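The block underneath contains the structure these notes are about, expressed in structure tokens.
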Amino acid sequence: QVHLVEAGGGLVQAGGSLRLSCAASGRTIGAYAMGWFRQATGKEREFVATITWPGGVLYYKEAMKDRFTISGGNAENTNYLQMSVLKPEDTAVYYCAAVYGILADFKDLDLLSEYTYADWGQGTQVTVSS
């Protein structure tokens, strides 16, 4: 089993920035895709971004790619989500998620789906005030 721990959430004013981090431990063997989803109160969980290792292929939700940057995707099984120009509508619990295995088994669209990811962190709250 893989254990994911997020850090870096908090309260920020609109226009500000936050950097989330995620570290995986446990059965972290081989290639993986590790990324972020978020869920606002009363809404469904949505994909934010993900990165693969090896290869460092990045995937973003189109609406966020200009403000959010995912990095990491390394042998240390960590990744980071830099969020800039934050808006009140970015307020949500942000979850780190990972799937380990043969990435060639997944199509690109699979990596945007929460159902692909087997391991999840507890989530970190991001609140953006107006």
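Order determines the names: the first chain of the structure tokens is A, the second B, and so forth; residues in each chain are numbered 1 upward, and ligands are numbered 1 upward as they are shown.
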Item to complete: If you run DSSP over the backbone, which residues in chain A end up helix (DSSP H, G or I)? Put them as a PyMOL selection string.
Response: chain A and resi 62-64+88-90+103-105+108-112+114-116
Write the residues of the selection above to a file with C-alpha atoms, as a short mmCIF file (atom, residue, chain, number, x, y, z; two decimals), in the first residue's frame.
data_model
loop_
_atom_site.label_atom_id
_atom_site.label_comp_id
_atom_site.auth_asym_id
_atom_site.auth_seq_id
_atom_site.Cartn_x
_atom_site.Cartn_y
_atom_site.Cartn_z
CA GLU A 62 -7.36 23.21 -19.20
CA ALA A 63 -8.90 25.94 -17.04
CA MET A 64 -6.03 25.79 -14.56
CA PRO A 88 -12.20 32.30 -4.33
CA GLU A 89 -13.51 29.56 -6.61
CA ASP A 90 -10.25 27.68 -6.04
CA LEU A 103 1.79 3.58 -17.35
CA ALA A 104 1.59 2.35 -20.92
CA ASP A 105 -1.56 0.52 -19.82
CA ASP A 108 -4.11 9.88 -21.52
CA LEU A 109 -7.75 10.35 -20.56
CA ASP A 110 -7.42 7.65 -17.92
CA LEU A 111 -4.92 9.80 -16.04
CA LEU A 112 -7.50 12.57 -15.75
CA GLU A 114 -10.14 9.81 -10.28
CA TYR A 115 -11.06 6.18 -10.84
CA THR A 116 -7.59 5.46 -12.18
#
Worksheet entry | strand (DSSP E) positions in segment 70-129 of chain A, given as a list in words | Ile70, Ser71, Gly72, Thr78, Asn79, Tyr80, Leu81, Gln82, Met83, Ala92, Val93, Tyr94, Tyr95, Cys96, Ala97, Ala98, Val99, Tyr100, Asp119, Trp120, Thr124, Gln125, Val126, Thr127, Val128 and Ser129 of chain A
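Closest approach to Arg45 of chain A from the set A:Ala92, A:Ile29, A:Ala7, A:Cys22 is made by A:Ala92, with distances taken over only C-alpha atoms.
Atom CA of Gln82 of chain A sits 14.9 Å away from atom CA of Ala23 of chain A.
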Practice prompt. Quick one: everything within 12 Å of Gly8 of chain A, counting only C-alpha atoms, minus sequence neighbours fewer than 2 positions away in the same chain. Send it as an MDAnalysis selection string.
Written response: chainID A and resid 5:6 10:12 17:23 79:83 93:96 123:127
Item to complete: Determine, counting only C-alpha atoms, which protein, DNA and RNA residues have an atom within 10 Å of an atom of Gly55 of chain A; residues of the same chain fewer than 2 positions away are not included. Present the result as a VMD selection string.
Response: chain A and resid 31 to 32 51 to 53 57 to 58 73 to 74
Item to complete: Check the smallest atom-to-atom distance from each of A:Thr28, A:Arg67, A:Thr50, A:Ala97 to Gln122 of chain A using only C-alpha atoms, then report the winner.
Response: A:Ala97
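In terms of minimum interatomic distance to Ile102 of chain A, A:Pro54 ranks closest within A:Pro54, A:Lys65, A:Ala75, A:Val2, counting only C-alpha atoms.
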Practice prompt. Write out as a PyMOL selection string each polymer residue whose atoms come within 8 Å of Ala14 of chain A, counting only C-alpha atoms; drop sequence neighbours fewer than 3 positions from it.
Written response: chain A and resi 85-88+128-130
Practice prompt. In Å, rounded to a single decimal, give me how far atom CA of His3 of chain A is from atom CA of Phe47 of chain A.
Written response: 19.8 Å
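Nearest to Lys107 of chain A of all the residues A:Val48, A:Ala33, A:Ile70, A:Ala40 is A:Ala33, based on only C-alpha atoms.
Taking only C-alpha atoms into account, Gly16 of chain A lies nearest to A:Ser84 out of the set A:Gln1, A:Thr78, A:Thr41, A:Ser84.
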